[in-house]
Every structure is written in C-alpha cells, then in structure tokens.
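For reference, the structure is listed below as structure tokens.
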Amino acid sequence: MSLVLARHEWRRMFARPLAWTLLAVPLALLGYFFLLTLDAFLRLMPKLAGMSDAPGVTDLVALPLARAVASLLLLIVPLLGMRALAGEAQSATLPLLLTSGLSDARIVLGKQLAAMAFLAVLIALALSMPLSLGVGTTLDLGRLAAAAFGLWLFGAALSAIALAASAHTDHPTVAATVALAINLLLWMADAGARYEGVSSAFINYLALPTHLEPFLHGLVSSVDVIYFSLLAAVALILATRRLGARRIRG
Amino acid sequence: MPATPLLQLQDVSRALAGRNVVEDVNFQLDRGSVLGLLGVNGAGKSTTLRMIAGLLAPSRGRILIDGLDAAERTATSAALGYLPETAPLYPELRVIEQLAFCARTHRLRGAAATQAVARAIEQCGLGDVRRRLLGNLSRGYQQRAGIAAAIVHGPPLVVLDEPISGLDPLQAAKIRTLVRELGRERGVILSTHLLPDVEACCDRVVILHGGRVRHDGTLQAVTPDTLQVRVAAQVDAAMWKTLSFVQAADLAGGVWRVRLAPGTPAAQLAVAVVGNGWGLQELRGAEADLEQTFLRIASAAEPELAA
C-alpha cells in the first residue's frame with residue numbers, strides 16, 4: 001500500500017519542475033567540481049608515480065566528490081521533502097490521503113520511499129562521473145559502492161527529518177527552514193566540543209560526519225547503519241504521530 | 001432486529017479553540033436517501049462532516065458508519081467517500097491518473113481498478129476531459145472530478161461538503177442531478193447554505209445552527225397548505241376570511257400568503273378568487289415551510305463559530 005503512494009509521489013514529483021531542478025542543478029555543480037578534481041589529479045600524477053603506496057584516483061577524485069554530494073544533500077533534501085505533508089495541507093489535498101484507507105504510518109512511509117528513490121537516482125548519477133574513469137584506470141569499486149550506500153542512508157535520514165518537519169507545519173518553506181537547521185545542527189554537533197578541546201564519544205556519536213566518513217573510506221559497519229536507520233525511524237515516527245494528532249488538535 | 005443504520009451520530013460534540021463548534025448532534029442516515037445538511041456559514045456543517053470523514057475526532061459522542069466507529073479511519077474508509085469544501089485534486093495529474101490513484105489506495109487492483117475508474121468517469125460525465133490535467137479544468141469539472149474521486153471505490157456513504165457553491169447555474173444543475181443519482185442506492189449527505197440545493201436533491205433536511213440541530217425532517221412532510229396569491233382587486237384579510245376554507249391570510253410585498261384548511265385543494269381557492277372577480281394574477285405554492293423554518297432559525301442571533 002505504501003508503494004501505491006510512493007509511485008504516486010514519484011509521478012507527481014516529476015510532473016513538477018522542482019524535482020528536475022533538484023537533479024539538474026546539483027549535478028551541474030558536481031560535474032564542475034569533478035572536472036576540477038580530475039584536473040588536479042592529472043597534474044599530480046607525475047609526482048604520485050614516484051611514491052610508493054600513493055593514493056589512487058578513488059582517493060583523490062571519487063572521495064572529494066562523495067563529500068561534495070553529502071554537503072549538497074544537506075541543502076537539497078529539505079527542499080525535496082518540504083512539500084511532502086505541508087504542501088498537501090496547504091493545497092487542501094491532505095484529506096484525500098487521510099480518507100484513503102492508508103494508515104498514517106503508510107502515508108509517511110510512502111512519502112519516504114519516494115524520496116529515497118529520488119536520492120538513489122541522484123547519487124547514482126553523481127557517482128557515475130568517477131565511475132566513468134573506469135574506462136581508463138582501475139577504480140576501487142568496493143569503496144565506491146560503500147560510499148554510494150552510505151550517502152543513500154545519510155540521505156534517507158535527512159529526508160525523514162524533512163518529512164517530520166513537513167508534518168509539523170502547513171507551510172513548506174517553514175518545513176524546509178526547520179529541516180535545514182536540524183541537518184546543520186547534526187552535521188556540526190561535535191564541532192563546538194572539538195573547538196573546546198572536549199572529546200566526548202557521545203557527542204561524536206551524535207554528529208552525522210562521524211558516521212558518514214567510514215562509508216566513504218569503504219568501511220560499512222553496523223554501528224553507522226544503525227545510527228542512520230535510528231535517526232530515520234525516530235523522525236518517521238514523529239511525523240506519523242503528528243499526522244495522527246491533527247484529528248485531535250483540529 | 002433492525003438493520004444497522006449506514007450512518008449514526010450519537011450526541012456528537014466538538015470543541016475547537018475552546019469553543020463548542022458542534023453540540024450534541026444526533027441524526028441517522030440510511031442507504032437510498034439524500035440528506036441535506038443546511039446551515040448558514042459558521043453553523044458547524046463542515047466540522048460535522050470532517051468528523052464523519054474521520055479527519056476530526058469528536059470531543060464527545062460517537063459516530064458509527066455501518067456500525068464501525070469513524071475514529072477507526074482505515075476500517076471505515078471503504079464505506080466512505082468524502083469530498084471536502086476544496087476538492088482535493090492534484091493539479092499536475094490527469095483526471096484518470098488521480099482516479100486510478102484513489103482506486104488503488106482503496107485496495108482496488110488491475111481490472112477492478114480500471115473498471116472502477118471507468119464507472120466513476122461515466123457517472124460523473126468526465127469522459128471528455130479524462131486525459132486533461134486537473135489544474136486546467138473549469139471549476140464545475142473540478143468539482144465533478146472531486147465527486148468522482150470520492151465515489152471511485154463505490155462507498156455506500158457519500159459525504160459532499162458544499163459541492164455546488166460557486167458554480168454557474170448550468171453546472172450546479174448537473175451536480176444536483178448527479179447527487180440525486182448517487183442517492184438512489186447510496187446514502188448521501190450534502191451540505192449547503194442554499195435552500196434550492198436541498199429542495200432539488202434531498203429527501204431529508206437537517207438544519208444546523210450554532211452547532212446544534214434545529215430541525216430534522218423529510219421534505220415531503222412539508223404540506224403545501226399555504227399558497228401565494230397575487231390578485232388585481234384591492235382585498236383585505238377580512239374578505240379572504242369570508243371564504244370558508246381560508247384559515248388565515250396576510251399580505252407581504254403585494255403578495256397574499258393564504259393558509260387553507262387542511263385538505264383543501266388549491267383549485268378550490270382559484271375557483272373562489274375568479275368567482276369573486278378579484279382578478280387572479282398569480283397562484284403558487286408558498287415556498288415550503290422549509291424556507292420559513294430555515295429563515296427563522298438562521299436569523300436567530302448566533303455568533304459565527306466555525307467554518
């Protein structure tokens with residue numbers, strides 16, 4: 001049943017200009033960034049040739065690109081998810097979903113699945129750039145796959161946050177702003193402590209980069225998978241509960 | 001044992017922002033009838049309908065659809081088709097896409113879904129616009145698409161919140177016809193603040209004012225024992241009373257409202273007026289007592305409470 005809604009969301013997403021824009025603009029920026037890093041790598045190549053155990057093209061081109069994708073996701077995902085529920089409320093289509101026989105949880109899940117499908121496309125297209133280098137050189141494909149998986153989980157957590165923000169207001173722009181603030185807060189959660197010289201395992205655990213970096217280095221560990229899944233689950237539950245509370249609050 | 005009524009409201013109340021918008025509302029609806037929920041703006045019509053649709057929980061009381069509590073939204077949704085005041089349509093979708101989506105959310109798949117969509121399109125007269133984008137349709141067509149979306153899964157109970165307001169007379173007439181057709185085998189609730197809507201398509205009327213039910217009755221029960229008469233001659237009330245079958249007569253705006261003794265045919269009055277040489281200019285059934293009732297109820301001072 002959630003898949004019915006996910007397909008419907010997907011169809012609507014691409015019937016409007018926002019999804020196309022959210023694909024085209026980041027990909028154009030990433031393309032430019034990819035060419036810059038590739039150029040830098042080519043200039044470095046003669047020096048690298050003399051080094052033993054020199055970093056390869058995966059380290060010097062693919063990894064920076066994956067980091068750039070992560071930074072862009074922090075900004076794009078709130079825009080992608082802001083209309084999910086707030087937009088439905090604003091355009092008075094929410095009653096259709098709420099009387100459709102879909103439970104609140106399924107509505108939220110359907111929206112999340114559509115967003116995750118969009119993110120999969122965006123990440124696949126972005127990583128196809130370094131992948132194209134495979135024609136001329138050998139790439140660490142395992143590491144690229146881990147990075148893609150990590151970015152997708154990261155994006156899924158962000159999209160759940162955007163959904164939760166979208167469930168709590170009837171104004172998409174407010175939802176986007178709140179989601180962006182939460183994203184940045186989680187992104188920099190450990191920065192303050194580090195600046196003060198405090199190294200707390202708990203604060204580090206909260207921060208998003210702590211869990212994304214291992215993926216980019218090819219390390220898929222369950223603690224990071226659990227962190228992103230937990231973040232997404234909490235946000236989705238909050239969204240579901242808020243949807244249910246509409247009936248009481250009016 | 002009597003069958004479970006299709007819809008039952010039991011002492012339903014709802015407070016919004018600390019004020020009682022709907023208070024102790026009771027009524028029932030069965031299949032095969034159209035109930036007009038009549039009231040001025042702010043009478044609590046929409047709030048009542050949103051509670052029936054399960055979008056709002058009653059503060060007190062219970063709403064049963066086919067014996068199931070309306071609060072169990074996923075359980076009652078199959079039995080309920082709801083069209084809110086603003087038709088919930090996705091402007092970027094085509095008519096058939098929206099209807100197919102609605103059918104699928106109600107667990108219709110494959111051929112069953114296709115059939116349901118085709119039936120709704122035919123019933124609501126959307127054949128010509130089935131491939132058009134909803135955002136490009138006229139308001140009348142959008143309203144019909146909204147009704148189609150509400151009935152695509154074949155619910156026995158159809159709840160329409162002001163589907164006719166804001167339409168031109170031609171479109172309004174089409175929607176009224178559609179509502180009457182729906183009422184043949186389903187139970188339909190039609191909310192409106194326009195009396196002609198109720199007279200055109202309802203069997204029963206519930207008048208809501210200030211959040212309370214002030215009148216609940218069938219339309220047929222309103223007997224036309226009052227006639228509106230326009231005559232050329234100068235007559236006064238005493239002259240009317242000389243006719244044995246006239247119980248009361250009063251003049252308002254040049255038109256006499258003449259109340260006849262129960263069971264008197266209108267023709268008898270016409271014969272008498274012509275026989276007396278008063279110059280009969282116009283004779284028609286007074287717009288039912290319903291209008292009188294509605295105006296009396298609606299003009300009672302009540303603060304605006306809710307939409």
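Each chain in the structure tokens gets a letter, A, B, ..., in the order shown, and its residues are numbered from 1; ligands are numbered from 1 in order too.
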
Practice task
Using only C-alpha atoms, select each residue of chain B with any atom at most 7 Å away from an atom of chain A, and give the selection as an MDAnalysis selection string.
Solution key: chainID B and resid 16 53 55:57 73:74 77:78 86 88:89 92 101:102 104:106

Okay, now the selection with C-alpha atoms, as an mmCIF file, in the first residue's frame?
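Writing the result to result.cif gives the following:
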data_model
loop_
_atom_site.group_PDB
_atom_site.id
_atom_site.type_symbol
_atom_site.label_atom_id
_atom_site.label_comp_id
_atom_site.auth_asym_id
_atom_site.auth_seq_id
_atom_site.Cartn_x
_atom_site.Cartn_y
_atom_site.Cartn_z
ATOM 1 C CA LEU B 16 -12.237 23.922 18.602
ATOM 2 C CA ALA B 53 -14.905 11.588 7.485
ATOM 3 C CA LEU B 55 -10.497 13.833 9.980
ATOM 4 C CA LEU B 56 -11.537 15.240 13.341
ATOM 5 C CA ALA B 57 -12.232 13.285 16.470
ATOM 6 C CA ARG B 73 -10.326 5.597 9.791
ATOM 7 C CA THR B 74 -8.712 2.713 7.971
ATOM 8 C CA SER B 77 -12.656 4.313 4.658
ATOM 9 C CA ALA B 78 -14.023 1.633 2.322
ATOM 10 C CA THR B 86 -11.993 22.423 -1.571
ATOM 11 C CA PRO B 88 -8.569 17.594 -3.054
ATOM 12 C CA LEU B 89 -7.132 17.297 -6.548
ATOM 13 C CA GLU B 92 -0.341 18.278 -12.089
ATOM 14 C CA PHE B 101 -4.587 6.595 -7.554
ATOM 15 C CA CYS B 102 -7.746 6.894 -5.444
ATOM 16 C CA ARG B 104 -5.513 1.916 -5.680
ATOM 17 C CA THR B 105 -5.376 3.476 -2.218
ATOM 18 C CA HIS B 106 -8.676 1.694 -1.604
#

Problem - Ala120 of chain B surroundings by only C-alpha atoms, 7 Å radius, close-in-sequence under 2 positions cut, as a PyMOL selection string - result: chain B and resi 116-118+122-124+148+151-152

Selected residues written out with C-alpha atoms, as a PDB file, in the first residue's frame:
ATOM      1  CA  ALA B 116     -13.993   1.440 -11.074  1.00  0.00           C
ATOM      2  CA  VAL B 117     -12.288   4.413 -12.749  1.00  0.00           C
ATOM      3  CA  ALA B 118     -14.305   3.952 -15.956  1.00  0.00           C
ATOM      4  CA  GLU B 122     -19.060   7.775 -16.780  1.00  0.00           C
ATOM      5  CA  GLN B 123     -21.197   8.506 -13.764  1.00  0.00           C
ATOM      6  CA  CYS B 124     -19.736  11.973 -13.313  1.00  0.00           C
ATOM      7  CA  ALA B 148     -15.624  11.016  -8.946  1.00  0.00           C
ATOM      8  CA  ILE B 151     -17.025   7.588  -5.198  1.00  0.00           C
ATOM      9  CA  VAL B 152     -14.480   5.669  -7.287  1.00  0.00           C
TER      10      VAL B 152
END

Practice task
May I have the residues within 12 Å of segment 25-40 of chain A as a PyMOL selection string, using only C-alpha atoms and disregarding those fewer than 3 positions away in the same chain?
Solution key: chain A and resi 17-22+43-48+56-77+119+121-133

Next, write the just-selected residues to a file, as an mmCIF file, in the first residue's frame, keeping C-alpha atoms as the atom set.
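Everything below was put into out10.cif:
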data_model
loop_
_atom_site.group_PDB
_atom_site.id
_atom_site.type_symbol
_atom_site.label_atom_id
_atom_site.label_comp_id
_atom_site.auth_asym_id
_atom_site.auth_seq_id
_atom_site.Cartn_x
_atom_site.Cartn_y
_atom_site.Cartn_z
ATOM 1 C CA PRO A 17 9.707 21.372 -12.041
ATOM 2 C CA LEU A 18 11.205 21.102 -8.532
ATOM 3 C CA ALA A 19 12.477 17.515 -8.788
ATOM 4 C CA TRP A 20 14.076 18.174 -12.182
ATOM 5 C CA THR A 21 15.732 21.293 -10.791
ATOM 6 C CA LEU A 22 16.924 19.406 -7.736
ATOM 7 C CA ARG A 43 48.705 17.463 -12.572
ATOM 8 C CA LEU A 44 49.716 15.487 -9.505
ATOM 9 C CA MET A 45 50.138 12.240 -11.382
ATOM 10 C CA PRO A 46 53.851 12.572 -12.251
ATOM 11 C CA LYS A 47 54.670 13.129 -8.568
ATOM 12 C CA LEU A 48 52.445 10.277 -7.462
ATOM 13 C CA GLY A 56 44.845 6.488 -6.285
ATOM 14 C CA VAL A 57 42.125 8.101 -8.321
ATOM 15 C CA THR A 58 39.465 6.808 -5.941
ATOM 16 C CA ASP A 59 41.061 8.719 -3.052
ATOM 17 C CA LEU A 60 41.805 11.880 -4.944
ATOM 18 C CA VAL A 61 38.758 12.225 -7.213
ATOM 19 C CA ALA A 62 35.899 9.990 -6.046
ATOM 20 C CA LEU A 63 36.217 10.691 -2.329
ATOM 21 C CA PRO A 64 36.118 14.508 -2.585
ATOM 22 C CA LEU A 65 33.168 14.178 -4.948
ATOM 23 C CA ALA A 66 31.292 11.971 -2.480
ATOM 24 C CA ARG A 67 31.948 14.563 0.234
ATOM 25 C CA ALA A 68 30.568 17.242 -2.054
ATOM 26 C CA VAL A 69 27.450 15.117 -2.631
ATOM 27 C CA ALA A 70 26.985 14.866 1.151
ATOM 28 C CA SER A 71 27.209 18.641 1.584
ATOM 29 C CA LEU A 72 24.728 19.211 -1.215
ATOM 30 C CA LEU A 73 22.309 16.656 0.253
ATOM 31 C CA LEU A 74 22.206 18.715 3.457
ATOM 32 C CA LEU A 75 20.722 21.548 1.403
ATOM 33 C CA ILE A 76 18.712 19.693 -1.235
ATOM 34 C CA VAL A 77 16.857 17.168 0.880
ATOM 35 C CA LEU A 119 18.034 10.088 -3.745
ATOM 36 C CA VAL A 121 18.879 8.316 -8.733
ATOM 37 C CA LEU A 122 20.728 11.466 -7.698
ATOM 38 C CA ILE A 123 23.553 9.556 -6.003
ATOM 39 C CA ALA A 124 23.847 7.058 -8.855
ATOM 40 C CA LEU A 125 24.114 9.873 -11.409
ATOM 41 C CA ALA A 126 26.665 11.760 -9.289
ATOM 42 C CA LEU A 127 28.860 8.694 -8.763
ATOM 43 C CA SER A 128 28.627 7.739 -12.422
ATOM 44 C CA MET A 129 31.127 10.557 -13.024
ATOM 45 C CA PRO A 130 34.061 8.929 -11.196
ATOM 46 C CA LEU A 131 32.770 5.574 -12.413
ATOM 47 C CA SER A 132 33.332 6.725 -15.990
ATOM 48 C CA LEU A 133 37.062 6.867 -15.221
#

Exercise for the section: For Phe228 of chain A, list every protein, DNA or RNA residue within 12 Å, evaluated using only C-alpha atoms, and leave out those in the same chain fewer than 6 positions away; present the list as a ChimeraX atom specification. Expected result: /A:149-161,186,205-212,215,221-222,234-235

Practice task
Any chance you could list, as a PyMOL selection string, the residues in segment 36-169 of chain B that come up helix (DSSP H, G or I) when DSSP is run on the backbone?
Solution key: chain B and resi 45-52+73-79+95-105+110-123+127-129+134-136+139-151+169

Exercise for the section: Give me every strand (DSSP E) residue in segment 11-193 of chain B, going by DSSP on the backbone, as a PyMOL selection string. Expected result: chain B and resi 11-16+19-29+33-38+60-65+68-69+80-83+157-161+187-192

Print the selection's residues with N, CA and C atoms to a file, as a compact mmCIF listing (two decimals), in the first residue's frame.
# COMPACT_ATOMS: atom_id res chain seq x y z
N ASP B 11 -25.02 12.03 19.94
CA ASP B 11 -24.61 13.11 20.85
C ASP B 11 -23.22 13.64 20.54
N VAL B 12 -22.98 13.95 19.28
CA VAL B 12 -21.64 14.34 18.87
C VAL B 12 -21.39 15.82 19.17
N SER B 13 -20.28 16.08 19.86
CA SER B 13 -19.87 17.45 20.12
C SER B 13 -18.42 17.61 19.75
N ARG B 14 -18.04 18.81 19.37
CA ARG B 14 -16.64 19.06 19.09
C ARG B 14 -16.31 20.51 19.47
N ALA B 15 -15.28 20.66 20.26
CA ALA B 15 -14.80 21.99 20.60
C ALA B 15 -13.55 22.28 19.79
N LEU B 16 -13.46 23.49 19.28
CA LEU B 16 -12.24 23.92 18.60
C LEU B 16 -11.83 25.24 19.25
N ARG B 19 -14.04 26.60 22.03
CA ARG B 19 -15.46 26.89 21.82
C ARG B 19 -16.15 25.68 21.23
N ASN B 20 -17.39 25.47 21.64
CA ASN B 20 -18.15 24.35 21.10
C ASN B 20 -18.67 24.70 19.72
N VAL B 21 -18.09 24.06 18.72
CA VAL B 21 -18.48 24.35 17.35
C VAL B 21 -19.66 23.48 16.95
N VAL B 22 -19.68 22.27 17.49
CA VAL B 22 -20.79 21.35 17.24
C VAL B 22 -21.22 20.81 18.60
N GLU B 23 -22.52 20.83 18.86
CA GLU B 23 -23.00 20.40 20.17
C GLU B 23 -24.13 19.40 20.06
N ASP B 24 -23.95 18.26 20.66
CA ASP B 24 -24.99 17.24 20.80
C ASP B 24 -25.77 16.99 19.52
N VAL B 25 -25.05 16.74 18.46
CA VAL B 25 -25.72 16.48 17.17
C VAL B 25 -26.09 15.00 17.08
N ASN B 26 -27.34 14.76 16.75
CA ASN B 26 -27.84 13.40 16.55
C ASN B 26 -28.54 13.33 15.21
N PHE B 27 -28.17 12.43 14.38
CA PHE B 27 -29.03 12.06 13.26
C PHE B 27 -28.56 10.76 12.66
N GLN B 28 -29.40 10.20 11.81
CA GLN B 28 -29.11 8.91 11.18
C GLN B 28 -29.31 9.04 9.69
N LEU B 29 -28.67 8.13 8.96
CA LEU B 29 -28.88 8.14 7.51
C LEU B 29 -28.84 6.69 7.05
N SER B 33 -31.02 7.43 0.37
CA SER B 33 -31.60 8.74 0.63
C SER B 33 -30.52 9.82 0.62
N VAL B 34 -30.96 11.03 0.30
CA VAL B 34 -30.04 12.17 0.29
C VAL B 34 -30.44 13.09 1.43
N LEU B 35 -29.50 13.33 2.31
CA LEU B 35 -29.77 14.20 3.44
C LEU B 35 -29.10 15.55 3.18
N GLY B 36 -29.90 16.61 3.26
CA GLY B 36 -29.33 17.95 3.10
C GLY B 36 -28.96 18.49 4.47
N LEU B 37 -27.71 18.88 4.62
CA LEU B 37 -27.28 19.49 5.87
C LEU B 37 -27.23 20.99 5.59
N LEU B 38 -28.24 21.67 6.12
CA LEU B 38 -28.44 23.06 5.75
C LEU B 38 -28.02 23.94 6.91
N ARG B 60 -16.91 14.69 22.26
CA ARG B 60 -17.82 13.79 22.95
C ARG B 60 -18.71 13.10 21.92
N GLY B 61 -19.28 12.00 22.31
CA GLY B 61 -20.22 11.31 21.43
C GLY B 61 -19.52 10.36 20.47
N ARG B 62 -20.36 9.68 19.66
CA ARG B 62 -19.80 8.68 18.76
C ARG B 62 -20.40 8.81 17.38
N ILE B 63 -19.61 8.49 16.39
CA ILE B 63 -20.11 8.43 15.02
C ILE B 63 -19.89 7.01 14.52
N LEU B 64 -20.96 6.36 14.08
CA LEU B 64 -20.85 4.99 13.60
C LEU B 64 -21.17 4.94 12.11
N ILE B 65 -20.27 4.35 11.35
CA ILE B 65 -20.51 4.13 9.93
C ILE B 65 -20.63 2.63 9.73
N LEU B 68 -19.35 0.76 12.52
CA LEU B 68 -17.95 0.91 12.92
C LEU B 68 -17.68 2.35 13.33
N ASP B 69 -16.87 2.53 14.35
CA ASP B 69 -16.54 3.87 14.82
C ASP B 69 -15.74 4.62 13.76
N LEU B 80 -16.80 4.91 2.96
CA LEU B 80 -16.99 6.36 2.96
C LEU B 80 -16.32 7.03 1.78
N GLY B 81 -17.06 7.91 1.11
CA GLY B 81 -16.48 8.78 0.10
C GLY B 81 -16.69 10.20 0.55
N TYR B 82 -15.60 10.98 0.65
CA TYR B 82 -15.70 12.32 1.23
C TYR B 82 -15.13 13.35 0.27
N LEU B 83 -15.92 14.35 -0.02
CA LEU B 83 -15.43 15.48 -0.82
C LEU B 83 -15.43 16.72 0.06
N LEU B 157 -21.62 5.25 1.61
CA LEU B 157 -21.89 6.57 2.20
C LEU B 157 -21.05 7.63 1.49
N VAL B 158 -21.72 8.67 0.97
CA VAL B 158 -21.01 9.73 0.27
C VAL B 158 -21.28 11.05 0.98
N VAL B 159 -20.21 11.73 1.36
CA VAL B 159 -20.33 12.97 2.11
C VAL B 159 -19.77 14.11 1.25
N LEU B 160 -20.62 15.05 0.89
CA LEU B 160 -20.21 16.12 -0.01
C LEU B 160 -20.35 17.46 0.71
N ASP B 161 -19.23 18.16 0.87
CA ASP B 161 -19.23 19.43 1.59
C ASP B 161 -19.34 20.58 0.59
N GLY B 187 -26.23 6.27 0.58
CA GLY B 187 -26.64 7.33 1.48
C GLY B 187 -25.76 8.54 1.18
N VAL B 188 -26.37 9.67 0.92
CA VAL B 188 -25.59 10.86 0.57
C VAL B 188 -25.90 11.97 1.55
N ILE B 189 -24.83 12.64 2.03
CA ILE B 189 -25.03 13.86 2.81
C ILE B 189 -24.51 15.01 1.97
N LEU B 190 -25.34 16.02 1.82
CA LEU B 190 -24.96 17.18 1.01
C LEU B 190 -25.05 18.39 1.91
N SER B 191 -23.95 19.06 2.14
CA SER B 191 -24.04 20.25 2.97
C SER B 191 -24.14 21.46 2.06
N THR B 192 -24.90 22.42 2.49
CA THR B 192 -25.10 23.60 1.66
C THR B 192 -25.68 24.72 2.51

Problem - Contacts of Val273 of chain B at 12 Å (only C-alpha atoms; same-chain gap of 4+ positions) as a ChimeraX atom specification - result: /B:229-233,235,239-240,242-243,246,258,266-269,277-283

Set the distance at 8 Å and use only C-alpha atoms: which residues neighbour Val179 of chain B once local chain neighbours fewer than 3 positions away are removed? I'd like the list as an mmCIF file with N, CA and C atoms, in the first residue's frame.
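Dumped to selection_19.cif:
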data_model
loop_
_atom_site.group_PDB
_atom_site.id
_atom_site.type_symbol
_atom_site.label_atom_id
_atom_site.label_comp_id
_atom_site.auth_asym_id
_atom_site.auth_seq_id
_atom_site.Cartn_x
_atom_site.Cartn_y
_atom_site.Cartn_z
ATOM 1 N N VAL B 34 -30.956 11.029 0.305
ATOM 2 C CA VAL B 34 -30.041 12.167 0.293
ATOM 3 C C VAL B 34 -30.444 13.087 1.427
ATOM 4 N N ILE B 175 -24.603 19.014 -11.200
ATOM 5 C CA ILE B 175 -24.164 18.394 -9.941
ATOM 6 C C ILE B 175 -25.383 17.913 -9.150
ATOM 7 N N ARG B 176 -26.459 18.725 -9.164
ATOM 8 C CA ARG B 176 -27.671 18.306 -8.436
ATOM 9 C C ARG B 176 -28.199 16.995 -8.989
ATOM 10 N N LEU B 182 -26.752 9.575 -7.258
ATOM 11 C CA LEU B 182 -25.959 8.879 -6.231
ATOM 12 C C LEU B 182 -26.857 8.403 -5.097
ATOM 13 N N GLY B 183 -27.886 9.217 -4.806
ATOM 14 C CA GLY B 183 -28.748 8.917 -3.665
ATOM 15 C C GLY B 183 -29.688 7.757 -3.915
ATOM 16 N N VAL B 188 -26.372 9.674 0.918
ATOM 17 C CA VAL B 188 -25.587 10.855 0.566
ATOM 18 C C VAL B 188 -25.896 11.972 1.553
ATOM 19 N N CYS B 201 -32.507 18.231 -4.513
ATOM 20 C CA CYS B 201 -31.998 16.852 -4.498
ATOM 21 C C CYS B 201 -32.125 16.088 -3.186
#

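Using only C-alpha atoms, the contacts of Gly217 of chain B at a cut-off of 7 Å, with sequence neighbours closer than 4 positions omitted, comprise B:Arg204, B:Val205, B:Val206.
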
Could you take the residues named above and write them with N, CA and C atoms, as a compact mmCIF listing (two decimals), in the first residue's frame?
# COMPACT_ATOMS: atom_id res chain seq x y z
N ARG B 204 -34.40 14.53 2.76
CA ARG B 204 -34.49 14.89 4.16
C ARG B 204 -33.60 16.08 4.41
N VAL B 205 -33.95 16.86 5.40
CA VAL B 205 -33.10 18.00 5.70
C VAL B 205 -32.84 18.09 7.20
N VAL B 206 -31.59 18.37 7.51
CA VAL B 206 -31.21 18.66 8.89
C VAL B 206 -30.69 20.08 8.88

Practice task
One decimal, Å: what's the distance from atom CA of Arg139 of chain B over to atom CA of Leu7 of chain B, could you say?
Solution key: 29.7 Å
